[in-house]
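Participant: Below are the structure tokens for one structure; questions will follow.
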Amino acid sequence: MIEIKMSVIPKETIEVIAQTIGITNLSSDVALALAPDLEYRIREIMQESIKCMRHSMRTFLTADDVDTALALRNLEPLYGFASNDPLRFKRAAGHKDLFYIDDKDVDIKDVVEAALPKVPLDTSITSHWLAIEGVQPAIPENAPVEAPSEIRKTEYKEDALPVDVKLPVKHIITMELQLYYEKIIELCLNKPGSITFRRALVTLTTDSGLHPLVPYFTRFVADEVSRSLNNINILFSLMRLMRSLLQNPHIHIELYLHQLMPPIITCIVAQTIGNRLSDNHWELRDFSANLVALICKRFGHMYHNLQPRVTKTFLHSFLDPTKALPQHYGAIKGIAALGSRLVRLLILPNIEPYLHLLEPEMQLEKQKNEIKRQEAWQVYGALLCAVGQTMHEKVKTFSSLLSPPIRATSRGDGKGMTVKSIKHKASSVNLMLQPQYARRKMAADGGRSALVPMNSMSVDNMQGSTSGFSNMMGVSNSNIAMSSSSVRQLSNENTARREVEGQQWKEASSSILAQAWKDEIDAGQLLQPLSELFGESLFSFLPTHATSVFL
Amino acid sequence: MDEDEILGYVTAYLKKKGFKQTEKVFQEEFQQNKSSSSSNSILEPDIANHLLAFSQLENGPARYHNGYSRLRTWTYSSLDLYRHELLRVLYPVFIHCFMDLVAKGHIQEARNFFNTFREDHEMMHLRDLQKLEGVLSPTHLKEMEFAHSLRQSKFNIKICEYSYELLLQHLHSTQSTTILGIINEHINFQVTSGQPSLISDDPEAVTLTGSSQEAANQTNQKEIHWGLLEDSLEERLEKAGALLSDSEKGDGEAKEGENDESKKRSTEVGKQGGSVKKIKKDKGGSATGKSAKPEANTVSAAPRVKPELPLPIIPTEVEHSILDDLRNRVQLSSAALPSVSFYTFINTHNSLSCSSISHDGSLVAGGFSDSSLKVWDMAKLGQQPSTSLSQGENDASQNEQMLGKSGEKRQYTLFQGHSGPVYAASFSPLGDFLLSSSADSTIRLWSTKLDANLVCYKGHNYPVWDVQFSPAGHYFASSSHDRTARIWSVDRIRPLRIMAGHLSDVDCVQWHVNCNYIATGSSDKTVRLWDVQSGECVRVFVGHRGMILSLAMSPDGRYMASGDEDGTIMMWDLSSGRCVTPLVGHTSCVWSLAFSSEGAILASGSADCTVKLWDVNTSTKVSRIEEKNGNTNNRLRSLKTLTTKSTPVNALRFSRRNLLFAAGALAKNA
């Protein structure tokens with residue numbers, strides 16, 4: 001017979017309860033009869049508890065409420081659960097809706113011997129203006145809601161009426177803010193990697209009442225950057241701090257940009273940052289470059305000379321051959337972060353002489369210093385990356401022949417499958433354009449079915465550029481195809497010579513890429529010699545870290 | 001109709017009822033009839049049907065399930081025009097079916113039935129369902145107050161003639177005698193001629209008031225004098241307004257300096273900048289206010305009534321200061337929003353159970369679940385932390401203070417006396433007395449001047465949920481878990497009046513501005529208005545879907561606002577007893593409501609950590625026009641939502657000068 005379940009409380013519960021009060025021989029009939037009543041009583045008590053909770057102006061139930069409800073019914077309260085905090089329940093493993101209170105065993109000896117806990121703080125009241133004539137002032141006591149829209153409104157106003165924001169004549173910082181500032185500074189300098197610092201950064205991004213501290217922060221960053229150029233950790237945390245402040249929608253940080261920019265740019269194009277051997281200052285340069293890009297993006301339209309000045313600084317250090325390679329690296333990164341247009345305008349025209357300059361540095365024979373050589377490769381990677389991205393975007397704009405899935409995977413994270421499909425597509429497109437070349441390419445493909453994923457980008461780009469140009473400028477089309485095929489031939493020969501097939505492939509195609517771009521400017525005049533030049537230089541040195549940068 | 005079948009039913013019935021003789025005779029006669037002729041045994045179909053229905057009646061709990069589900073399907077497939085009216089019938093039928101099943105002991109079937117159709121009603125009646133869910137035996141039904149009241153009283157449902165006809169026809173044609181029985185027994189139809197009512201119209205259709213609809217209607221027909229008191233200070237001010245001119249201005253400004261003491265409590269200079277600005281605006285506001293008074297003052301338009309209670313006399317100096325406040329009041333409107341000063345309780349460890357702010361905002365009281373009552377003097381509080389800025393000056397006084405309190409620096413006055421959580425506190429209008437009510441079923445009167453307990457009022461038998469001083473002082477009202485509200489005067493330890501009538505706990509109480517009425521909100525989801533002099537209930541306001549947590553009366557005495565635990569606020573017209581408009585916006589309990597001093601703005605504080613400001617003027621005006629058009633779907637306009645930093649808002653108070661004070665405890669996990 002199927003046992004009829006009368007209540008959500010199983011009869012086993014009743015039996016257990018009975019056992020705890022010393023009744024061992026409870027018949028199951030009794031248990032079954034009691035279960036519904038127990039459920040009813042529990043519900044009744046809970047409803048009363050909820051009433052008590054409401055009258056205590058709370059929205060969560062505490063053990064106190066249950067006790068009060070029990071008292072209302074003249075029942076004995078529950079002992080041992082006195083706490084004003086909600087109880088923490090844990091889910092029992094393997095059960096969906098079974099919870100228990102995580103009640104740890106405590107050794108009485110430990111409790112007795114432990115030092116007295118801190119006396120809890122006494123209740124007190126603070127007061128603040130929640131609103132002044134209906135407008136919420138941006139002070140730390142108020143929640144940072146609606147503020148973004150508020151700011152936008154004032155911005156609009158500023159457009160119409162030039163004077164709206166007045167700088168306070170005198171800065172007076174409250175105790176709380178002072179403490180906050182000191183805490184942040186301390187965290188920034190002493191515990192840059194800690195979780196607390198990360199949390200502090202979050203408050204920096206969201207808190208609405210920080211405006212009075214901004215000048216202090218900028219000053220601090222400027223001072224600290226110049227002082228601790230050799231400590232990369234501090235620099236990094238300073239840049240993070242800056243980024244958090246920049247992201248805070250409640251702060252008018254643009255007022256302090258003139259103070260902000262120099263330290264950030266320093267972090268990009270400084271000659272030496274940290275210990276050159278052990279520290280990864282490249283990463284810091286990347287981070288800071290992105291920061292500058294962020295600033296230019298956000299405030300560029302308000303301060304028209306901001307971006308030109310920044311780019312001028314970058315270009316200056318990029319074109320100065322006396323500067324160290326890390327500085328070049330930073331400059332390239334900085335320009336690249338500002339967008340492909342600037343890469344096209346500033347880097348590409350100079351790329352050929354620059355490569356000539358860089359080439360000897362990268363070669364084992366000419367540059368014996370290991371560090372310098374590595375730096376050169378980093379620079380090369382940055383250059384490649386910048387050009388590649390530009391190409392990629394260019395391709396995107398010419399993507400009349402490119403179908404969406406290709407674009408989706410073209411960011412270089414495609415898996416082997418997509419790579420293949422792209423290649424397939426590429427080859428099919430090429431098939432239409434240049435049957436002969438395509439056949440050769442197919443043959444090459446056949447040998448490299450398991451290429452590294454990053455090839456997808458270059459292959460895609462190549463394919464895109466060829467197809468794109470085929471549309472845009474039919475004249476140069478054949479040129480590209482020619483050059484690419486010639487390079488390919490070259491590379492094929494190299495393949496025969498060398499074992500590292502995939503990488504060569506990539507380098508070969510990226511060089512094509514660079515030329516394909518150049519083609520746009522130089523109408524393909526320099527292509528052939530350059531490609532040969534590039535090809536030679538590329539194939540002769542293929543260190544692994546260069547490829548990793550490209551990734 | 002199979003004759004034998006009927007025979008079987010009849011004999012079964014007779015057997016069951018123990019009519020042995022009759023059964024025997026019946027059997028004999030039947031045999032005879034059968035043998036004599038079969039022609040006259042053709043029963044009338046009607047009788048047969050009834051017999052059949054009867055047989056169904058006997059076949060147990062399934063008929064409830066079937067009957068209800070049939071009615072439900074029919075209702076859902078009925079015409080759109082009438083559906084919503086018919087849907088209202090479903091809920092009472094549903095719960096009574098359930099209770100019938102339980103009463104007859106078919107617990108398992110009752111459960112099944114309940115769970116099958118529960119979803120239909122969850123949206124409208126979730127709380128009731130939760131209460132009923134636990135009912136699992138006939139004894140529970142008898143014990144449970146809610147079930148009891150459901151059984152005792154009838155649901156009132158407004159329905160148009162045609163829908164009513166449709167319903168009856170359906171029930172007859174399907175022979176749903178069970179359902180018909182339930183409907184007859186528990187539903188009271190108010191059949192109206194003409195078109196069916198609008199969907200938005202009164203959800204009160206299915207709320208119990210504990211009395212028949214006629215009685216409730218009658219209650220709501222009683223005359224009430226919602227006008228303001230004769231010779232009130234406002235009135236005097238207006239009369240004097242013409243006489244006072246320049247001298248009053250200077251006077252007012254001088255007073256302002258004093259009164260702004262409370263504003264100086266802010267420690268930060270930045271804040272003070274804000275308050276200084278505020279003061280300037282105050283002046284501007286009051287100046288414009290004066291000029292705009294003739295047309296803007298709604299209060300003056302209200303009729304005048306005589307006080308029914310002997311009211312205390314206000315001392316002249318107090319009167320002067322109040323008059324000054326009134327003169328310097330900022331005129332609020334949808335364009336001029338109030339400034340809000342927020343008092344945050346910190347380190348409460350979730351033990352703050354109520355808070356209250358005195359009329360001038362200078363005193364803040366907090367009731368705690370550890371039975372203590374703490375009062376902060378905000379004017380004094382402002383001076384202490386100044387030590388952090390100018391250490392030298394205040395050192396001496398600080399030391400004295402610390403010595404005076406035996407080395408313990410306590411910022412508040414601690415009132416101890418209760419033996420249970422303190423659920424409410426209320427300052428007298430002049431701020432010299434404080435009332436508190438507690439779970440220990442007592443109310444205590446404290447003097448803020450002497451820092452001592454003066455009286456303990458015992459009368460309630462259960463926790464006292466709320467206590468409120470009357471606007472004139474001297475009298476106060478309390479409400480309790482024992483389902484009564486009581487009126488007291490401070491000089492007597494026994495209540496003057498006991499208001500009984502609510503079907504569940506009386507959760508909150510509020511005085512009408514003219515002191516002749518009190519309003520009470522209850523867990524039975526109704527708000528009632530009581531005549532203080534006679535102790536009679538004069539209005540029942542039905543419409544809330546949860547327990548009522550807060551009430552506020554408009555200063556012109558015409559409207560009342562009530563907030564419930566779902567976050568809905570309803571605005572009521574006292575004279576008609578109808579809801580002007582529901583205010584939807586809060587997502588959690590509305591703990592507190594307050595009208596601005598001239599009644600243009602309603603502020604609401606909620607557990608969702610917001611203070612909302614509502615435009616009252618437009619809504620009430622619009623509603624009067626729209627009432628005539630029969631279109632009542634207008635909404636009070638929400639003017640502004642002020643969000644606190646994870647602090648539920650427990651208390652609100654507009655000062656006489658229209659500065660809004662709010663208080664709440666910082667909740668870390670909110």
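Going by the structure tokens order, chains are called A, B, ..., each with residues numbered from 1, while ligands are numbered from 1 in the order shown.
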If the cut-off is 7 Å, can you tell me the residues of chain A near chain B, counting only C-alpha atoms? I'd like them as a ChimeraX atom specification.

Facilitator: /A:6,36-37,39-40,43,55-57,84-85,121-134,141-143,174

Participant: List the spatial neighbours of Phe299 of chain A as a ChimeraX atom specification - criterion: any atom at most 12 Å away, only C-alpha atoms, same-chain residues fewer than 5 positions off excluded.

Facilitator: /A:246,252-258,292-294,304-307

Participant: Print the selection's residues with C-alpha atoms to a file, as a PDB file, in the first residue's frame.

Facilitator:
```
ATOM      1  CA  LEU A 246      39.208  57.624 -14.392  1.00  0.00           C
ATOM      2  CA  HIS A 252      35.435  65.479 -12.756  1.00  0.00           C
ATOM      3  CA  ILE A 253      38.908  64.215 -13.300  1.00  0.00           C
ATOM      4  CA  GLU A 254      39.393  66.197 -16.484  1.00  0.00           C
ATOM      5  CA  LEU A 255      40.264  69.182 -14.311  1.00  0.00           C
ATOM      6  CA  TYR A 256      43.461  67.432 -13.312  1.00  0.00           C
ATOM      7  CA  LEU A 257      44.458  65.936 -16.628  1.00  0.00           C
ATOM      8  CA  HIS A 258      47.450  68.227 -16.961  1.00  0.00           C
ATOM      9  CA  VAL A 292      46.152  56.986 -22.210  1.00  0.00           C
ATOM     10  CA  ALA A 293      43.878  55.727 -24.939  1.00  0.00           C
ATOM     11  CA  LEU A 294      41.045  55.668 -22.432  1.00  0.00           C
ATOM     12  CA  HIS A 304      41.080  69.248 -28.549  1.00  0.00           C
ATOM     13  CA  ASN A 305      44.815  69.501 -28.118  1.00  0.00           C
ATOM     14  CA  LEU A 306      44.990  66.562 -25.750  1.00  0.00           C
ATOM     15  CA  GLN A 307      45.421  63.796 -28.254  1.00  0.00           C
TER      16      GLN A 307
END
```

Participant: How many Å separate atom CA of Tyr100 of chain A from atom CA of Glu76 of chain A?

Facilitator: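 So the answer is 22.2 Å.
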
Participant: Compile the contact shell of Lys525 of chain B as a ChimeraX atom specification: residues with an atom at most 10 Å away, counting only C-alpha atoms, same-chain residues fewer than 4 positions apart removed.

Facilitator: /B:207-209,502-506,521,541-549,564

Participant: Could you give me, as a short mmCIF file (atom, residue, chain, number, x, y, z; two decimals) with N, CA, C and O atoms, in the first residue's frame, the residues within 12 Å of Phe220 of chain A, counting only C-alpha atoms and dropping anything in the same chain fewer than 3 positions from it?

Facilitator:
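Wrote around.cif, looks like this:
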```cif
data_model
loop_
_atom_site.label_atom_id
_atom_site.label_comp_id
_atom_site.auth_asym_id
_atom_site.auth_seq_id
_atom_site.Cartn_x
_atom_site.Cartn_y
_atom_site.Cartn_z
N TYR A 181 41.97 58.48 2.43
CA TYR A 181 43.11 58.78 1.57
C TYR A 181 44.37 58.08 2.08
O TYR A 181 45.07 57.39 1.32
N GLU A 182 44.59 58.20 3.38
CA GLU A 182 45.80 57.60 3.92
C GLU A 182 45.79 56.09 3.76
O GLU A 182 46.81 55.47 3.45
N ILE A 184 44.25 54.36 1.47
CA ILE A 184 44.46 54.00 0.07
C ILE A 184 45.95 54.11 -0.28
O ILE A 184 46.53 53.22 -0.91
N ILE A 185 46.54 55.21 0.16
CA ILE A 185 47.95 55.44 -0.14
C ILE A 185 48.80 54.30 0.43
O ILE A 185 49.69 53.75 -0.24
N GLU A 186 48.45 53.95 1.64
CA GLU A 186 49.24 52.91 2.31
C GLU A 186 49.12 51.59 1.55
O GLU A 186 50.10 50.90 1.31
N CYS A 188 48.36 51.18 -1.50
CA CYS A 188 48.95 51.32 -2.82
C CYS A 188 50.46 51.09 -2.74
O CYS A 188 51.04 50.44 -3.61
N LEU A 189 51.07 51.59 -1.70
CA LEU A 189 52.52 51.49 -1.62
C LEU A 189 52.98 50.18 -1.01
O LEU A 189 54.01 49.64 -1.40
N LEU A 213 39.24 64.58 -3.00
CA LEU A 213 40.54 63.91 -2.88
C LEU A 213 41.30 63.84 -4.20
O LEU A 213 42.49 63.52 -4.21
N VAL A 214 40.63 64.11 -5.30
CA VAL A 214 41.25 63.89 -6.60
C VAL A 214 42.58 64.63 -6.77
O VAL A 214 43.57 64.04 -7.19
N PRO A 215 42.64 65.92 -6.43
CA PRO A 215 43.93 66.61 -6.59
C PRO A 215 45.04 65.95 -5.77
O PRO A 215 46.19 65.88 -6.23
N TYR A 216 44.67 65.44 -4.61
CA TYR A 216 45.68 64.80 -3.78
C TYR A 216 46.17 63.51 -4.42
O TYR A 216 47.34 63.19 -4.40
N PHE A 217 45.23 62.80 -4.97
CA PHE A 217 45.60 61.55 -5.62
C PHE A 217 46.50 61.80 -6.82
O PHE A 217 47.52 61.13 -7.01
N ASP A 223 54.11 62.38 -7.93
CA ASP A 223 55.30 62.31 -7.10
C ASP A 223 55.87 60.90 -7.05
O ASP A 223 57.07 60.67 -7.18
N GLU A 224 54.94 60.00 -6.86
CA GLU A 224 55.38 58.63 -6.60
C GLU A 224 55.98 58.00 -7.85
O GLU A 224 56.92 57.22 -7.76
N VAL A 225 55.45 58.36 -9.01
CA VAL A 225 55.97 57.79 -10.24
C VAL A 225 57.42 58.23 -10.44
O VAL A 225 58.30 57.43 -10.79
N SER A 226 57.66 59.51 -10.18
CA SER A 226 59.03 59.98 -10.40
C SER A 226 59.97 59.39 -9.35
O SER A 226 61.15 59.21 -9.62
N ARG A 227 59.43 59.09 -8.19
CA ARG A 227 60.30 58.60 -7.13
C ARG A 227 60.61 57.11 -7.29
O ARG A 227 61.73 56.69 -7.09
N SER A 228 59.61 56.35 -7.66
CA SER A 228 59.84 54.90 -7.65
C SER A 228 59.79 54.31 -9.04
O SER A 228 59.05 53.37 -9.29
N LEU A 235 54.55 51.13 -9.41
CA LEU A 235 54.08 51.82 -10.61
C LEU A 235 52.78 51.22 -11.11
O LEU A 235 51.85 51.92 -11.48
N LEU A 238 49.97 52.22 -8.95
CA LEU A 238 49.62 53.62 -9.19
C LEU A 238 48.77 53.77 -10.45
O LEU A 238 47.79 54.50 -10.48
N MET A 239 49.15 53.03 -11.47
CA MET A 239 48.39 53.10 -12.73
C MET A 239 46.99 52.55 -12.52
O MET A 239 46.01 53.07 -13.06
N LEU A 241 45.34 52.63 -9.77
CA LEU A 241 44.63 53.67 -9.02
C LEU A 241 44.10 54.73 -9.97
O LEU A 241 42.95 55.15 -9.91
N MET A 242 44.97 55.12 -10.90
CA MET A 242 44.58 56.13 -11.87
C MET A 242 43.40 55.64 -12.70
O MET A 242 42.43 56.36 -12.93
N GLN A 259 47.94 67.32 -14.79
CA GLN A 259 48.82 66.70 -13.80
C GLN A 259 48.94 65.20 -14.02
O GLN A 259 49.93 64.58 -13.65
N LEU A 260 47.88 64.67 -14.59
CA LEU A 260 47.80 63.22 -14.70
C LEU A 260 48.65 62.67 -15.83
O LEU A 260 49.26 61.62 -15.70
N PRO A 263 52.83 61.62 -15.59
CA PRO A 263 53.24 60.35 -14.99
C PRO A 263 52.83 59.13 -15.81
O PRO A 263 53.58 58.15 -15.89
#
```

Participant: For atom CA of Tyr329 of chain A and atom CA of His301 of chain A, determine how far apart the two atoms are, in Å to one decimal place.

Facilitator: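 Between atom CA of Tyr329 of chain A and atom CA of His301 of chain A the gap works out to 27.0 Å.
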
Participant: Within 9 Å of segment 195-206 of chain A, counting only C-alpha atoms, which residues qualify if same-chain residues fewer than 6 places away don't, as a list in words?

Facilitator: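 Returned residues: Pro144, Lys183, Ile184, Leu187, Cys188, Ser237, Arg240, Leu241, Arg243, Ser244, Leu245, Leu246, Gln247, Asn248, Pro249 and His250 of chain A.
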
Participant: I need the chosen residues saved as a short mmCIF file (atom, residue, chain, number, x, y, z; two decimals), in the first residue's frame, with all heavy atoms.

Facilitator:
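result_2.cif written:
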```
data_model
loop_
_atom_site.label_atom_id
_atom_site.label_comp_id
_atom_site.auth_asym_id
_atom_site.auth_seq_id
_atom_site.Cartn_x
_atom_site.Cartn_y
_atom_site.Cartn_z
N PRO A 144 25.68 56.10 -4.48
CA PRO A 144 26.05 56.62 -5.81
C PRO A 144 25.10 56.15 -6.90
O PRO A 144 25.48 55.44 -7.80
CB PRO A 144 27.45 56.06 -6.02
CG PRO A 144 27.45 54.79 -5.25
CD PRO A 144 26.49 54.96 -4.10
N LYS A 183 44.62 55.54 3.94
CA LYS A 183 44.49 54.08 3.83
C LYS A 183 44.82 53.64 2.40
O LYS A 183 45.57 52.69 2.18
CB LYS A 183 43.07 53.68 4.20
CG LYS A 183 42.86 52.21 4.36
CD LYS A 183 43.21 51.77 5.77
CE LYS A 183 43.29 50.25 5.81
NZ LYS A 183 43.94 49.76 7.00
N ILE A 184 44.25 54.36 1.47
CA ILE A 184 44.46 54.00 0.07
C ILE A 184 45.95 54.11 -0.28
O ILE A 184 46.53 53.22 -0.91
CB ILE A 184 43.65 54.93 -0.86
CG1 ILE A 184 42.16 54.75 -0.61
CG2 ILE A 184 44.01 54.70 -2.32
CD1 ILE A 184 41.50 53.69 -1.39
N LEU A 187 47.87 51.27 1.18
CA LEU A 187 47.64 50.03 0.45
C LEU A 187 48.40 50.05 -0.86
O LEU A 187 49.01 49.05 -1.27
CB LEU A 187 46.16 49.86 0.16
CG LEU A 187 45.30 49.35 1.31
CD1 LEU A 187 43.84 49.42 0.93
CD2 LEU A 187 45.69 47.93 1.65
N CYS A 188 48.36 51.18 -1.50
CA CYS A 188 48.95 51.32 -2.82
C CYS A 188 50.46 51.09 -2.74
O CYS A 188 51.04 50.44 -3.61
CB CYS A 188 48.63 52.70 -3.34
SG CYS A 188 49.16 52.99 -4.99
N SER A 237 50.54 49.59 -9.37
CA SER A 237 49.39 49.90 -8.52
C SER A 237 48.98 51.36 -8.70
O SER A 237 47.80 51.69 -8.63
CB SER A 237 49.69 49.59 -7.06
OG SER A 237 50.81 50.32 -6.64
N ARG A 240 46.90 51.50 -11.72
CA ARG A 240 45.58 50.93 -11.44
C ARG A 240 44.73 51.97 -10.73
O ARG A 240 43.53 52.13 -11.02
CB ARG A 240 45.72 49.69 -10.55
CG ARG A 240 46.34 48.53 -11.27
CD ARG A 240 45.63 47.22 -10.93
NE ARG A 240 46.10 46.17 -11.80
CZ ARG A 240 47.16 45.42 -11.52
NH1 ARG A 240 47.79 45.57 -10.37
NH2 ARG A 240 47.55 44.48 -12.36
N LEU A 241 45.34 52.63 -9.77
CA LEU A 241 44.63 53.67 -9.02
C LEU A 241 44.10 54.73 -9.97
O LEU A 241 42.95 55.15 -9.91
CB LEU A 241 45.62 54.29 -8.03
CG LEU A 241 45.10 55.34 -7.08
CD1 LEU A 241 44.89 54.70 -5.73
CD2 LEU A 241 46.05 56.49 -6.95
N ARG A 243 43.49 54.40 -13.10
CA ARG A 243 42.43 53.89 -13.95
C ARG A 243 41.09 53.87 -13.19
O ARG A 243 40.06 54.24 -13.74
CB ARG A 243 42.74 52.48 -14.44
CG ARG A 243 41.78 52.06 -15.53
CD ARG A 243 42.07 50.71 -16.06
NE ARG A 243 41.92 49.70 -15.03
CZ ARG A 243 41.98 48.40 -15.27
NH1 ARG A 243 42.19 47.97 -16.48
NH2 ARG A 243 41.84 47.54 -14.31
N SER A 244 41.15 53.47 -11.91
CA SER A 244 39.93 53.46 -11.12
C SER A 244 39.33 54.85 -11.03
O SER A 244 38.12 55.03 -11.19
CB SER A 244 40.22 52.95 -9.71
OG SER A 244 40.70 51.65 -9.78
N LEU A 245 40.18 55.81 -10.77
CA LEU A 245 39.68 57.18 -10.67
C LEU A 245 39.06 57.62 -12.00
O LEU A 245 38.04 58.28 -12.04
CB LEU A 245 40.81 58.14 -10.29
CG LEU A 245 41.22 58.10 -8.82
CD1 LEU A 245 42.40 59.02 -8.59
CD2 LEU A 245 40.07 58.49 -7.92
N LEU A 246 39.71 57.23 -13.08
CA LEU A 246 39.21 57.62 -14.39
C LEU A 246 37.85 57.01 -14.66
O LEU A 246 37.02 57.59 -15.35
CB LEU A 246 40.19 57.18 -15.47
CG LEU A 246 41.35 58.12 -15.72
CD1 LEU A 246 42.41 57.43 -16.53
CD2 LEU A 246 40.87 59.37 -16.43
N GLN A 247 37.66 55.83 -14.11
CA GLN A 247 36.40 55.15 -14.40
C GLN A 247 35.28 55.63 -13.51
O GLN A 247 34.12 55.32 -13.75
CB GLN A 247 36.58 53.65 -14.25
CG GLN A 247 37.29 53.04 -15.44
CD GLN A 247 37.70 51.62 -15.19
OE1 GLN A 247 37.74 51.18 -14.04
NE2 GLN A 247 38.03 50.89 -16.23
N ASN A 248 35.60 56.35 -12.46
CA ASN A 248 34.56 56.83 -11.56
C ASN A 248 33.73 57.89 -12.25
O ASN A 248 34.24 58.94 -12.64
CB ASN A 248 35.22 57.41 -10.31
CG ASN A 248 34.21 57.66 -9.22
OD1 ASN A 248 33.07 58.01 -9.50
ND2 ASN A 248 34.62 57.47 -7.98
N PRO A 249 32.44 57.63 -12.41
CA PRO A 249 31.61 58.57 -13.16
C PRO A 249 31.27 59.84 -12.38
O PRO A 249 30.73 60.78 -12.95
CB PRO A 249 30.36 57.77 -13.45
CG PRO A 249 30.30 56.76 -12.37
CD PRO A 249 31.70 56.47 -11.95
N HIS A 250 31.56 59.84 -11.08
CA HIS A 250 31.14 61.00 -10.28
C HIS A 250 32.23 62.06 -10.15
O HIS A 250 32.02 63.09 -9.55
CB HIS A 250 30.75 60.54 -8.88
CG HIS A 250 29.86 59.34 -8.91
ND1 HIS A 250 28.52 59.41 -9.22
CD2 HIS A 250 30.12 58.03 -8.72
CE1 HIS A 250 28.00 58.22 -9.18
NE2 HIS A 250 28.94 57.35 -8.89
#
```

Participant: Quick one: residues within 10 Å of Asp451 of chain B, only C-alpha atoms, excluding same-chain residues fewer than 2 positions away - as JSON, numbers by chain?

Facilitator: {"B": [375, 413, 414, 415, 432, 433, 434, 446, 447, 448, 449, 453, 454]}

Participant: Write the residues of the selection above to a file with N, CA, C and O atoms, as a JSON list (two decimals), in the first residue's frame.

Facilitator:
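Below you can see again_37.json, which holds the result:
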```
[["chain", "number", "residue", "atom", "x", "y", "z"],
["B", 375, "VAL", "N", 17.67, 58.03, 23.44],
["B", 375, "VAL", "CA", 17.30, 59.32, 22.85],
["B", 375, "VAL", "C", 18.56, 60.13, 22.60],
["B", 375, "VAL", "O", 19.39, 60.30, 23.50],
["B", 413, "THR", "N", 20.80, 59.48, 25.81],
["B", 413, "THR", "CA", 20.18, 59.20, 27.09],
["B", 413, "THR", "C", 19.53, 57.83, 26.99],
["B", 413, "THR", "O", 18.78, 57.58, 26.05],
["B", 414, "LEU", "N", 19.83, 57.01, 27.95],
["B", 414, "LEU", "CA", 19.31, 55.64, 27.91],
["B", 414, "LEU", "C", 18.09, 55.55, 28.81],
["B", 414, "LEU", "O", 18.15, 55.91, 29.99],
["B", 415, "PHE", "N", 16.99, 55.12, 28.28],
["B", 415, "PHE", "CA", 15.78, 54.91, 29.07],
["B", 415, "PHE", "C", 15.57, 53.41, 29.22],
["B", 415, "PHE", "O", 15.35, 52.71, 28.24],
["B", 432, "ASP", "N", 8.70, 67.43, 24.93],
["B", 432, "ASP", "CA", 9.11, 67.25, 26.31],
["B", 432, "ASP", "C", 8.74, 65.87, 26.85],
["B", 432, "ASP", "O", 9.23, 65.47, 27.90],
["B", 433, "PHE", "N", 7.87, 65.17, 26.17],
["B", 433, "PHE", "CA", 7.54, 63.81, 26.60],
["B", 433, "PHE", "C", 7.78, 62.83, 25.46],
["B", 433, "PHE", "O", 7.75, 63.19, 24.29],
["B", 434, "LEU", "N", 7.97, 61.60, 25.88],
["B", 434, "LEU", "CA", 8.19, 60.54, 24.90],
["B", 434, "LEU", "C", 7.41, 59.32, 25.37],
["B", 434, "LEU", "O", 7.45, 58.96, 26.54],
["B", 446, "TRP", "N", 7.87, 58.90, 29.20],
["B", 446, "TRP", "CA", 9.17, 59.36, 29.69],
["B", 446, "TRP", "C", 9.23, 60.87, 29.55],
["B", 446, "TRP", "O", 8.65, 61.44, 28.63],
["B", 447, "SER", "N", 9.97, 61.48, 30.43],
["B", 447, "SER", "CA", 10.20, 62.92, 30.30],
["B", 447, "SER", "C", 11.58, 63.13, 29.73],
["B", 447, "SER", "O", 12.58, 62.62, 30.25],
["B", 448, "THR", "N", 11.65, 63.87, 28.66],
["B", 448, "THR", "CA", 12.97, 64.12, 28.08],
["B", 448, "THR", "C", 13.70, 65.22, 28.84],
["B", 448, "THR", "O", 14.89, 65.41, 28.67],
["B", 449, "LYS", "N", 12.96, 65.96, 29.65],
["B", 449, "LYS", "CA", 13.60, 67.00, 30.46],
["B", 449, "LYS", "C", 14.26, 66.38, 31.69],
["B", 449, "LYS", "O", 15.38, 66.73, 32.06],
["B", 453, "ASN", "N", 11.38, 57.92, 33.73],
["B", 453, "ASN", "CA", 10.10, 57.31, 33.42],
["B", 453, "ASN", "C", 9.05, 57.92, 34.35],
["B", 453, "ASN", "O", 9.25, 57.99, 35.56],
["B", 454, "LEU", "N", 7.93, 58.38, 33.80],
["B", 454, "LEU", "CA", 6.90, 58.99, 34.62],
["B", 454, "LEU", "C", 5.76, 58.03, 34.91],
["B", 454, "LEU", "O", 5.35, 57.87, 36.05]]
```
